[in-house]
file query.txt (compact mmCIF, C-alpha atoms and all ligand atoms)
# COMPACT_ATOMS: atom_id res chain seq x y z
CA MET A 1 -11.57 -34.53 -67.15
CA THR A 2 -10.99 -38.26 -67.24
CA ASP A 3 -11.83 -40.71 -64.47
CA ALA A 4 -8.14 -41.14 -63.70
CA VAL A 5 -7.14 -40.48 -60.09
CA PRO A 6 -4.94 -37.40 -60.23
CA VAL A 7 -1.26 -38.14 -59.86
CA PRO A 8 0.12 -35.61 -57.37
CA THR A 9 3.54 -33.97 -57.65
CA ASN A 10 4.13 -35.16 -54.09
CA ASP A 11 2.35 -36.96 -51.23
CA LEU A 12 4.32 -36.72 -48.00
CA GLY A 13 1.97 -39.00 -46.04
CA ARG A 14 3.15 -42.03 -48.00
CA ALA A 15 6.78 -41.75 -46.87
CA PHE A 16 5.55 -41.56 -43.28
CA GLN A 17 3.49 -44.75 -43.72
CA GLU A 18 6.51 -46.51 -45.20
CA GLN A 19 8.46 -46.17 -41.91
CA ARG A 20 5.59 -45.48 -39.56
CA ALA A 21 6.60 -47.73 -36.65
CA GLU A 22 10.24 -46.59 -36.61
CA LEU A 23 9.28 -42.92 -36.89
CA GLU A 24 6.72 -43.17 -34.11
CA ASP A 25 9.27 -44.94 -31.89
CA ALA A 26 11.85 -42.22 -32.54
CA ALA A 27 9.39 -39.41 -31.83
CA LEU A 28 8.22 -41.01 -28.57
CA ARG A 29 11.82 -41.62 -27.51
CA VAL A 30 12.49 -37.89 -27.79
CA LEU A 31 9.25 -36.78 -26.16
CA ARG A 32 9.92 -39.03 -23.18
CA SER A 33 13.61 -38.14 -22.91
CA GLY A 34 13.11 -34.65 -21.52
CA TRP A 35 15.84 -33.37 -23.88
CA TYR A 36 14.59 -31.33 -26.81
CA VAL A 37 17.44 -29.23 -28.20
CA HIS A 38 21.09 -30.12 -28.91
CA GLY A 39 21.01 -33.46 -27.18
CA PRO A 40 22.13 -36.99 -28.09
CA GLU A 41 19.93 -37.35 -31.21
CA HIS A 42 21.28 -34.15 -32.70
CA ARG A 43 24.88 -35.13 -32.01
CA ALA A 44 24.35 -38.60 -33.51
CA PHE A 45 22.64 -37.16 -36.59
CA GLU A 46 25.52 -34.72 -37.19
CA ASP A 47 27.98 -37.63 -37.07
CA GLU A 48 25.86 -39.82 -39.33
CA LEU A 49 25.36 -37.04 -41.88
CA ALA A 50 29.08 -36.21 -41.95
CA GLU A 51 29.85 -39.87 -42.55
CA ALA A 52 27.20 -40.21 -45.27
CA VAL A 53 28.65 -37.20 -47.12
CA GLY A 54 32.26 -38.18 -46.50
CA VAL A 55 33.36 -35.04 -44.66
CA ARG A 56 34.69 -34.37 -41.17
CA HIS A 57 32.12 -31.98 -39.71
CA ALA A 58 28.35 -31.54 -39.92
CA ILE A 59 26.55 -28.71 -38.12
CA GLY A 60 22.77 -28.94 -37.71
CA VAL A 61 20.82 -25.70 -38.23
CA ALA A 62 17.18 -24.67 -38.52
CA SER A 63 16.74 -24.57 -42.32
CA GLY A 64 18.51 -24.76 -45.65
CA THR A 65 18.39 -20.99 -46.04
CA ASP A 66 19.95 -20.53 -42.60
CA ALA A 67 22.61 -23.05 -43.61
CA LEU A 68 23.49 -20.92 -46.67
CA ALA A 69 23.39 -17.65 -44.75
CA LEU A 70 25.53 -18.92 -41.87
CA ALA A 71 28.04 -20.48 -44.29
CA LEU A 72 28.35 -17.13 -46.09
CA ILE A 73 28.57 -15.14 -42.85
CA ALA A 74 31.29 -17.49 -41.61
CA LEU A 75 33.20 -17.10 -44.89
CA THR A 76 32.74 -13.37 -45.50
CA ARG A 77 32.55 -12.18 -41.87
CA GLY A 78 29.82 -9.78 -42.94
CA LEU A 79 32.33 -7.56 -44.74
CA GLY A 80 30.28 -7.10 -47.91
CA GLY A 81 31.59 -7.80 -51.38
CA GLU A 82 30.02 -10.02 -54.02
CA VAL A 83 28.98 -13.65 -54.16
CA VAL A 84 28.83 -15.25 -57.59
CA THR A 85 25.83 -17.52 -58.16
CA ALA A 86 23.10 -18.57 -60.61
CA ALA A 87 19.68 -16.88 -60.81
CA ASN A 88 17.58 -19.97 -61.59
CA ALA A 89 17.68 -21.87 -58.29
CA GLY A 90 14.65 -20.58 -56.43
CA GLY A 91 16.10 -17.47 -54.81
CA TYR A 92 17.44 -19.15 -51.67
CA ALA A 93 21.07 -18.25 -52.31
CA THR A 94 20.08 -14.66 -53.04
CA ALA A 95 18.22 -14.35 -49.73
CA ALA A 96 21.21 -15.82 -47.89
CA ILE A 97 23.72 -13.57 -49.68
CA GLN A 98 21.69 -10.52 -48.68
CA ARG A 99 21.53 -11.70 -45.06
CA ALA A 100 25.30 -12.05 -45.11
CA GLY A 101 25.56 -8.41 -46.17
CA ALA A 102 26.94 -9.21 -49.61
CA THR A 103 25.62 -8.61 -53.14
CA PRO A 104 24.69 -11.39 -55.56
CA ARG A 105 26.58 -11.39 -58.86
CA TYR A 106 24.61 -13.55 -61.27
CA VAL A 107 26.13 -15.59 -64.06
CA ASP A 108 24.27 -17.69 -66.58
CA VAL A 109 23.83 -21.47 -66.45
CA ASP A 110 24.91 -24.23 -68.82
CA ALA A 111 22.24 -24.91 -71.45
CA ASP A 112 22.33 -28.71 -70.99
CA THR A 113 22.48 -29.01 -67.22
CA LEU A 114 20.93 -25.67 -66.15
CA CYS A 115 23.66 -25.54 -63.47
CA LEU A 116 26.22 -22.74 -63.02
CA ASP A 117 28.44 -22.27 -66.10
CA THR A 118 32.08 -22.69 -65.09
CA ASP A 119 33.64 -20.49 -67.79
CA LEU A 120 31.25 -17.62 -67.04
CA THR A 121 31.96 -18.07 -63.33
CA LEU A 122 35.66 -17.77 -63.98
CA GLU A 123 35.05 -14.52 -65.92
CA ALA A 124 32.87 -13.12 -63.14
CA ILE A 125 35.32 -13.73 -60.30
CA GLY A 126 37.08 -10.49 -59.44
CA GLU A 127 38.53 -8.41 -56.62
CA ARG A 128 35.19 -8.06 -54.86
CA THR A 129 34.29 -11.77 -55.01
CA ARG A 130 34.01 -13.30 -51.55
CA ALA A 131 32.53 -16.69 -52.50
CA VAL A 132 30.85 -18.73 -55.23
CA VAL A 133 27.59 -20.59 -54.52
CA VAL A 134 26.78 -23.52 -56.81
CA THR A 135 23.41 -25.26 -56.61
CA HIS A 136 23.23 -28.87 -57.77
CA LEU A 137 19.92 -28.05 -59.38
CA TYR A 138 17.05 -30.56 -59.53
CA GLY A 139 19.40 -33.12 -57.95
CA ARG A 140 22.12 -33.09 -60.60
CA LEU A 141 25.74 -32.57 -59.58
CA ALA A 142 26.99 -29.41 -61.30
CA ASP A 143 30.40 -29.11 -62.99
CA VAL A 144 31.70 -29.05 -59.46
CA GLU A 145 35.20 -30.51 -59.92
CA ARG A 146 36.12 -27.76 -62.40
CA LEU A 147 34.39 -25.12 -60.31
CA ALA A 148 36.34 -26.24 -57.25
CA ALA A 149 39.59 -26.06 -59.23
CA VAL A 150 38.76 -22.57 -60.57
CA CYS A 151 37.83 -21.33 -57.11
CA GLN A 152 40.92 -22.78 -55.52
CA GLU A 153 43.13 -21.18 -58.16
CA ARG A 154 41.51 -17.79 -57.47
CA GLY A 155 41.51 -18.25 -53.69
CA VAL A 156 37.72 -17.98 -53.48
CA PRO A 157 35.70 -20.37 -51.28
CA LEU A 158 33.12 -22.58 -53.03
CA VAL A 159 29.76 -23.20 -51.33
CA GLU A 160 27.77 -26.19 -52.59
CA ASP A 161 24.00 -25.96 -52.13
CA VAL A 162 23.08 -29.62 -51.70
CA ALA A 163 19.42 -28.99 -50.75
CA GLN A 164 18.21 -30.93 -53.80
CA SER A 165 21.05 -33.38 -54.29
CA ILE A 166 21.83 -35.33 -51.12
CA GLY A 167 23.32 -38.70 -52.11
CA ALA A 168 24.37 -37.72 -55.64
CA GLU A 169 27.94 -38.85 -56.31
CA ARG A 170 30.61 -38.79 -58.98
CA GLY A 171 33.97 -40.55 -58.98
CA GLY A 172 33.31 -41.86 -55.48
CA ARG A 173 32.73 -38.37 -54.04
CA ARG A 174 29.35 -37.27 -52.78
CA ALA A 175 27.55 -33.98 -53.22
CA GLY A 176 28.78 -31.75 -50.42
CA ALA A 177 32.34 -33.12 -50.40
CA PHE A 178 33.69 -30.98 -53.27
CA GLY A 179 33.42 -27.41 -51.97
CA THR A 180 34.90 -25.51 -49.04
CA VAL A 181 31.55 -25.91 -47.35
CA ALA A 182 28.14 -27.35 -48.32
CA THR A 183 24.59 -26.75 -47.18
CA PHE A 184 21.57 -29.04 -46.83
CA SER A 185 17.85 -28.47 -46.36
CA PHE A 186 15.55 -30.99 -44.71
CA TYR A 187 12.36 -29.21 -45.74
CA PRO A 188 9.70 -31.95 -45.95
CA THR A 189 9.72 -32.31 -49.76
CA LYS A 190 13.51 -32.74 -50.08
CA ASN A 191 15.04 -36.18 -50.71
CA LEU A 192 15.83 -36.32 -46.97
CA GLY A 193 12.83 -34.52 -45.50
CA ALA A 194 12.06 -33.73 -41.87
CA PHE A 195 8.63 -33.21 -40.27
CA GLY A 196 9.08 -29.48 -40.27
CA ASP A 197 12.11 -27.34 -41.06
CA GLY A 198 15.74 -28.30 -40.73
CA GLY A 199 19.12 -27.87 -42.36
CA ALA A 200 22.83 -28.54 -41.99
CA VAL A 201 26.24 -27.27 -43.05
CA VAL A 202 29.14 -29.63 -43.68
CA THR A 203 32.85 -28.97 -44.10
CA ASP A 204 36.28 -30.53 -43.68
CA ASP A 205 37.62 -27.27 -42.26
CA GLY A 206 37.73 -27.47 -38.46
CA GLU A 207 38.03 -23.72 -37.97
CA LEU A 208 35.02 -23.03 -40.18
CA ALA A 209 33.04 -25.73 -38.35
CA GLY A 210 33.83 -24.04 -35.03
CA SER A 211 32.71 -20.70 -36.41
CA LEU A 212 29.43 -22.22 -37.66
CA ARG A 213 28.76 -23.86 -34.29
CA ARG A 214 29.11 -20.46 -32.63
CA LEU A 215 27.06 -18.59 -35.23
CA ARG A 216 24.09 -20.95 -34.96
CA GLN A 217 23.84 -20.25 -31.24
CA TYR A 218 24.08 -16.50 -30.59
CA GLY A 219 27.83 -16.34 -31.31
CA TRP A 220 28.51 -18.20 -28.06
CA GLN A 221 31.84 -19.80 -27.33
CA ASP A 222 30.43 -21.21 -24.15
CA LYS A 223 27.05 -20.61 -22.61
CA TYR A 224 26.37 -16.87 -22.36
CA VAL A 225 29.85 -15.91 -23.58
CA VAL A 226 29.58 -14.20 -26.97
CA VAL A 227 32.79 -14.23 -28.97
CA GLN A 228 31.50 -13.88 -32.51
CA PRO A 229 29.33 -11.21 -34.19
CA HIS A 230 26.27 -11.95 -36.36
CA GLY A 231 25.19 -14.92 -34.25
CA CYS A 232 21.57 -16.05 -34.23
CA ASN A 233 19.37 -18.87 -33.00
CA SER A 234 19.33 -21.55 -35.69
CA ARG A 235 19.08 -24.98 -34.15
CA LEU A 236 17.96 -28.36 -35.46
CA ASP A 237 15.84 -29.79 -32.66
CA GLU A 238 16.02 -33.28 -31.14
CA LEU A 239 12.71 -34.39 -32.62
CA GLN A 240 13.73 -33.56 -36.20
CA ALA A 241 17.20 -35.04 -35.68
CA ALA A 242 15.74 -38.33 -34.38
CA LEU A 243 13.30 -38.56 -37.31
CA LEU A 244 16.01 -37.70 -39.85
CA ARG A 245 18.18 -40.50 -38.42
CA VAL A 246 15.41 -42.96 -39.29
CA ARG A 247 15.32 -41.69 -42.86
CA LEU A 248 18.98 -41.06 -43.70
CA PRO A 249 19.81 -44.73 -44.45
CA ARG A 250 16.89 -44.87 -46.93
CA VAL A 251 18.14 -42.02 -49.12
CA PRO A 252 20.20 -44.15 -51.58
CA ALA A 253 17.26 -46.49 -52.35
CA TRP A 254 14.82 -43.59 -52.61
CA ASN A 255 17.16 -41.73 -54.98
CA GLU A 256 17.44 -44.82 -57.15
CA ARG A 257 13.67 -45.07 -57.37
CA ARG A 258 13.44 -41.36 -58.30
CA ARG A 259 16.03 -41.84 -61.06
CA ALA A 260 14.13 -44.83 -62.42
CA ILE A 261 10.92 -42.77 -62.55
CA ILE A 262 12.67 -39.95 -64.44
CA SER A 263 14.17 -42.47 -66.89
CA ARG A 264 10.66 -43.77 -67.65
CA TYR A 265 9.53 -40.23 -68.42
CA VAL A 266 12.54 -39.67 -70.71
CA GLU A 267 11.46 -42.72 -72.74
CA ALA A 268 7.77 -41.82 -72.82
CA ALA A 269 7.89 -38.12 -73.70
CA PRO A 270 8.03 -36.93 -77.34
CA ALA A 271 11.48 -35.35 -77.17
CA GLN A 272 10.92 -32.54 -79.71
CA LEU A 273 7.91 -31.31 -77.75
CA LEU A 274 9.07 -32.06 -74.22
CA HIS A 275 12.72 -32.74 -73.38
CA VAL A 276 12.90 -34.48 -69.99
CA LEU A 277 16.28 -33.78 -68.36
CA PRO A 278 17.89 -37.20 -67.87
CA ALA A 279 18.83 -38.65 -64.49
CA HIS A 280 20.34 -41.99 -65.43
CA GLU A 281 23.57 -41.74 -63.46
CA ALA A 282 24.48 -41.72 -59.79
CA ASP A 283 25.53 -38.06 -60.17
CA HIS A 284 21.82 -37.22 -60.02
CA ALA A 285 19.70 -37.56 -56.87
CA GLY A 286 16.48 -37.47 -58.90
CA HIS A 287 15.00 -34.70 -56.79
CA LEU A 288 12.79 -33.23 -59.52
CA ALA A 289 11.66 -34.58 -62.90
CA VAL A 290 12.11 -31.40 -64.92
CA ALA A 291 11.26 -31.13 -68.60
CA VAL A 292 11.86 -28.32 -71.08
CA ALA A 293 8.89 -27.65 -73.39
CA ALA A 294 9.23 -26.49 -76.99
CA ASP A 295 8.69 -22.77 -77.67
CA GLY A 296 5.22 -21.62 -76.70
CA GLN A 297 4.09 -25.13 -75.70
CA ARG A 298 4.41 -25.16 -71.91
CA ASP A 299 0.87 -24.08 -71.09
CA ARG A 300 -0.65 -26.46 -73.62
CA VAL A 301 1.44 -29.36 -72.28
CA ARG A 302 0.49 -28.57 -68.68
CA ASP A 303 -3.20 -28.37 -69.62
CA ALA A 304 -3.09 -31.69 -71.47
CA LEU A 305 -1.34 -33.37 -68.53
CA ALA A 306 -3.83 -31.89 -66.06
CA ARG A 307 -6.72 -33.26 -68.14
CA ALA A 308 -5.05 -36.68 -67.96
CA GLY A 309 -4.88 -36.40 -64.16
CA VAL A 310 -1.19 -35.50 -63.93
CA ALA A 311 -0.22 -32.56 -61.72
CA THR A 312 2.74 -30.38 -62.73
CA GLU A 313 4.64 -27.44 -61.25
CA VAL A 314 7.24 -24.94 -62.41
CA HIS A 315 10.66 -24.77 -60.72
CA TYR A 316 11.15 -21.83 -61.00
CA PRO A 317 9.04 -19.33 -62.93
CA VAL A 318 10.85 -16.07 -62.06
CA PRO A 319 14.66 -15.87 -62.06
CA ASP A 320 16.24 -13.98 -59.16
CA HIS A 321 17.43 -11.04 -61.28
CA LEU A 322 13.88 -10.41 -62.53
CA GLN A 323 12.11 -10.64 -59.16
CA PRO A 324 10.02 -7.64 -58.09
CA ILE A 325 12.53 -6.94 -55.32
CA ALA A 326 14.87 -6.21 -58.26
CA HIS A 327 18.44 -5.31 -57.77
CA ALA A 328 17.65 -2.99 -60.66
CA SER A 329 20.13 -0.43 -59.38
CA ALA A 330 22.92 -2.80 -60.38
CA GLY A 331 21.28 -3.14 -63.82
CA ALA A 332 19.69 -6.47 -64.68
CA PRO A 333 22.32 -8.65 -66.36
CA ALA A 334 21.49 -10.56 -69.52
CA LEU A 335 21.09 -14.24 -68.61
CA PRO A 336 19.59 -15.75 -71.77
CA VAL A 337 19.81 -19.43 -70.79
CA THR A 338 18.35 -18.72 -67.34
CA GLU A 339 15.49 -16.68 -68.81
CA HIS A 340 14.75 -19.27 -71.49
CA ALA A 341 14.60 -22.03 -68.86
CA ALA A 342 12.24 -20.04 -66.62
CA ALA A 343 9.82 -19.70 -69.54
CA HIS A 344 10.02 -23.34 -70.70
CA VAL A 345 10.51 -25.72 -67.71
CA LEU A 346 7.87 -27.77 -65.94
CA SER A 347 8.15 -30.47 -63.27
CA LEU A 348 6.42 -33.86 -63.44
CA PRO A 349 5.40 -35.99 -60.42
CA CYS A 350 8.54 -37.47 -58.84
CA PHE A 351 8.81 -38.98 -55.38
CA ALA A 352 9.96 -42.38 -54.20
CA GLN A 353 6.49 -43.61 -53.17
CA LEU A 354 4.87 -42.94 -56.53
CA THR A 355 3.19 -46.25 -57.50
CA ASP A 356 3.77 -48.17 -60.72
CA PRO A 357 0.17 -47.54 -61.90
CA GLU A 358 0.68 -43.81 -61.30
CA ILE A 359 3.91 -43.84 -63.28
CA GLU A 360 1.97 -45.59 -66.08
CA VAL A 361 -0.62 -42.81 -66.01
CA VAL A 362 2.09 -40.17 -66.37
CA CYS A 363 3.91 -42.08 -69.14
CA GLY A 364 0.64 -42.66 -71.01
CA ALA A 365 -0.21 -38.97 -70.81
CA LEU A 366 3.30 -38.03 -71.97
CA SER A 367 3.17 -40.38 -74.96
CA ARG A 368 -0.17 -38.93 -76.07
CA LEU A 369 1.01 -35.30 -76.02
C1 LIG A 401 14.76 -25.89 -50.48
C2 LIG A 401 16.01 -25.23 -50.93
C3 LIG A 401 16.70 -24.32 -50.13
C4 LIG A 401 16.14 -23.75 -48.84
O1 LIG A 401 15.87 -24.65 -47.87
P1 LIG A 401 14.86 -24.26 -46.68
O2 LIG A 401 15.08 -25.36 -45.71
O3 LIG A 401 13.49 -24.26 -47.26
O4 LIG A 401 15.26 -22.93 -46.15
C5 LIG A 401 17.91 -23.82 -50.57
N1 LIG A 401 18.39 -24.17 -51.76
C6 LIG A 401 17.74 -25.01 -52.59
C7 LIG A 401 18.36 -25.34 -53.90
C8 LIG A 401 16.52 -25.56 -52.20
O5 LIG A 401 15.89 -26.39 -53.04

call {"tool": "encode", "arguments": {"input": "query.txt", "output": "structure tokens"}}
result
Amino acid sequence: MTDAVPVPTNDLGRAFQEQRAELEDAALRVLRSGWYVHGPEHRAFEDELAEAVGVRHAIGVASGTDALALALIALTRGLGGEVVTAANAGGYATAAIQRAGATPRYVDVDADTLCLDTDLTLEAIGERTRAVVVTHLYGRLADVERLAAVCQERGVPLVEDVAQSIGAERGGRRAGAFGTVATFSFYPTKNLGAFGDGGAVVTDDGELAGSLRRLRQYGWQDKYVVVQPHGCNSRLDELQAALLRVRLPRVPAWNERRRAIISRYVEAAPAQLLHVLPAHEADHAGHLAVAVAADGQRDRVRDALARAGVATEVHYPVPDHLQPIAHASAGAPALPVTEHAAAHVLSLPCFAQLTDPEIEVVCGALSRL
């Protein structure tokens, strides 16, 4: 071990300190208001989020996984069928698809972006397809314009999972404004993180928005009048909404800082040994600094970085189709790019409050690999 202070992959306390006074004011305002669920903060946050994404409706829910599940339940009405998605995005879509009573149909990802491959998606869409879920993985907008066109042509709704990519934009359109519906997570480590769990669904479709508002609250039309099946309790509370309102305006600057950090790593790393996925453009929210190690080198690279005081993680080590829960009955599909990525990726420290000296430590360690 060196004397270097370890550089963490994240340190949530720093973002709190950065806006401490505003956050404490917002929390106290809610505590003193006597209104804790679906009140004025929640309504204001929904409006502000919809505006930030550039869509008509935002519906606050309790988590990103609930957001995905409710979006799929609203779209498929619990009637089964298949949902086409990637297997390398942490398993959240799979859990949501199962909750919606459908079956995941995995297709491989693009070798450069590690996001859903559009041509393979087109091949996979069939009679049983009820929706396509695309994750803008690590913060990078997927090939979402083409995916949206393909889905529209086939009459299949497109769900964007924006949990890692809030604020990413291409051609003046933001992540979440391309699909039929899009889902957000405000888990504390996301680019817009709450102080607990939270999520949201956004859409331009008024009917779908109405359905989501009912589903998140027991299927109610009005209080105690249930008009829709498969309802649940999935609410974003006043405290989280008030705190998220303090943070939402900061997302563009934080994303820019994250992109700048990733660009430094791209320059510092020896590319043949460790290929850092670039995040130079605004179509990347810089959520994670992910690098692909050369064959058989990941463990050695992680050890060397750890000795230099640099923490790393793996997002994600086990693809959905190879999880122990195994949908083996359907026969594990061959997903070579997905499987290669799971065995070669590692994530470097990346959060907006990382200090310049810490970034130097990481870059120095990368250059000495
Ligand atoms: C974090 C995450 C989710 C799930 O969000 P939760 O709020 O933790 O339920 C879904 N999809 C992706 C891509 C995520 O990164």

call {"tool": "residues_near_point", "arguments": {"input": "query.txt", "point": "(6.3, -30.4, -42.2)", "cutoff": "12 Å", "atoms": "only C-alpha atoms", "output": "ChimeraX atom specification"}}
result
/A:11-13,16,63,186-190,193-198,240,243

call {"tool": "residues_near_ligand", "arguments": {"input": "query.txt", "ligand": "ligand LIG 401 (chain A)", "cutoff": "8 Å", "atoms": "all atoms listed in the file", "output": "count of residues only"}}
result
28

call {"tool": "residues_around", "arguments": {"input": "query.txt", "residues": "Val276 of chain A", "least_positions_apart": "4", "cutoff": "10 Å", "atoms": "only C-alpha atoms", "output": "number ranges by chain"}}
result
A: 262-271, 289-293, 345-348

call {"tool": "closest_residue", "arguments": {"input": "query.txt", "among": "A:Ala352, A:Asp303, A:Leu274, A:Arg368", "to": "Arg14 of chain A", "atoms": "all atoms listed in the file"}}
result
A:Ala352

call {"tool": "closest_atom_pairs", "arguments": {"input": "query.txt", "of": "segment 260-360 of chain A", "to": "segment 116-126 of chain A", "cutoff": "12 Å", "atoms": "only C-alpha atoms", "output": "CSV"}}
result
residue,atom,partner,partner_atom,distance
A:Pro333,CA,A:Ala124,CA,11.9
A:Leu335,CA,A:Leu120,CA,10.8
A:Val337,CA,A:Asp117,CA,10.2
A:Thr338,CA,A:Leu116,CA,9.8

call {"tool": "closest_residue", "arguments": {"input": "query.txt", "among": "A:Val225, A:Gly309, A:Pro40, A:His284", "to": "Leu366 of chain A", "atoms": "all atoms listed in the file"}}
result
A:Gly309

call {"tool": "closest_atom_pairs", "arguments": {"input": "query.txt", "of": "segment 30-65 of chain A", "to": "segment 249-253 of chain A", "cutoff": "10 Å", "atoms": "all atoms listed in the file", "output": "JSON lines"}}
result
{"residue": "A:Glu48", "atom": "CA", "partner": "A:Pro249", "partner_atom": "CA", "distance": 9.3}
{"residue": "A:Leu49", "atom": "CA", "partner": "A:Pro249", "partner_atom": "CA", "distance": 9.8}
{"residue": "A:Ala52", "atom": "CA", "partner": "A:Pro249", "partner_atom": "CA", "distance": 8.7}

call {"tool": "residues_around", "arguments": {"input": "query.txt", "residues": "Cys232 of chain A", "least_positions_apart": "5", "cutoff": "9 Å", "atoms": "only C-alpha atoms", "output": "PDB file with C-alpha atoms, in the coordinates of the input"}}
result
ATOM      1  CA  ARG A 214      29.110 -20.460 -32.630  1.00  0.00           C
ATOM      2  CA  LEU A 215      27.060 -18.590 -35.230  1.00  0.00           C
ATOM      3  CA  ARG A 216      24.090 -20.950 -34.960  1.00  0.00           C
ATOM      4  CA  GLN A 217      23.840 -20.250 -31.240  1.00  0.00           C
ATOM      5  CA  TYR A 218      24.080 -16.500 -30.590  1.00  0.00           C
ATOM      6  CA  GLY A 219      27.830 -16.340 -31.310  1.00  0.00           C
TER       7      GLY A 219
END

call {"tool": "closest_residue", "arguments": {"input": "query.txt", "among": "A:Cys363, A:Val7, A:Leu147, A:Val202", "to": "Ile59 of chain A", "atoms": "all atoms listed in the file"}}
result
A:Val202

call {"tool": "residues_around", "arguments": {"input": "query.txt", "residues": "Val55 of chain A", "least_positions_apart": "3", "cutoff": "8 Å", "atoms": "all atoms listed in the file", "output": "number ranges by chain"}}
result
A: 50-51, 58, 177, 202-204

call {"tool": "residues_near_point", "arguments": {"input": "query.txt", "point": "(7.4, -19.3, -74.9)", "cutoff": "8 Å", "atoms": "only C-alpha atoms", "output": "list in words"}}
result
Ala294, Asp295, Gly296, Gln297, Arg298, Ala343 and His344 of chain A

call {"tool": "atom_distance", "arguments": {"input": "query.txt", "atom1": "atom CA of Arg29 of chain A", "atom2": "atom CA of Leu248 of chain A"}}
result
17.7 Å

call {"tool": "atom_distance", "arguments": {"input": "query.txt", "atom1": "atom CA of Thr113 of chain A", "atom2": "atom CA of Val132 of chain A"}}
result
17.9 Å

call {"tool": "closest_residue", "arguments": {"input": "query.txt", "among": "A:Leu70, A:Ala241, A:Val150, A:Val156", "to": "Asp47 of chain A", "atoms": "all atoms listed in the file"}}
result
A:Ala241

call {"tool": "atom_distance", "arguments": {"input": "query.txt", "atom1": "atom CA of His275 of chain A", "atom2": "atom CA of His321 of chain A"}}
result
25.3 Å

call {"tool": "closest_residue", "arguments": {"input": "query.txt", "among": "A:Ala131, A:Ala279, A:Gln221, A:Ala200", "to": "Gly179 of chain A", "atoms": "only C-alpha atoms"}}
result
A:Ala131
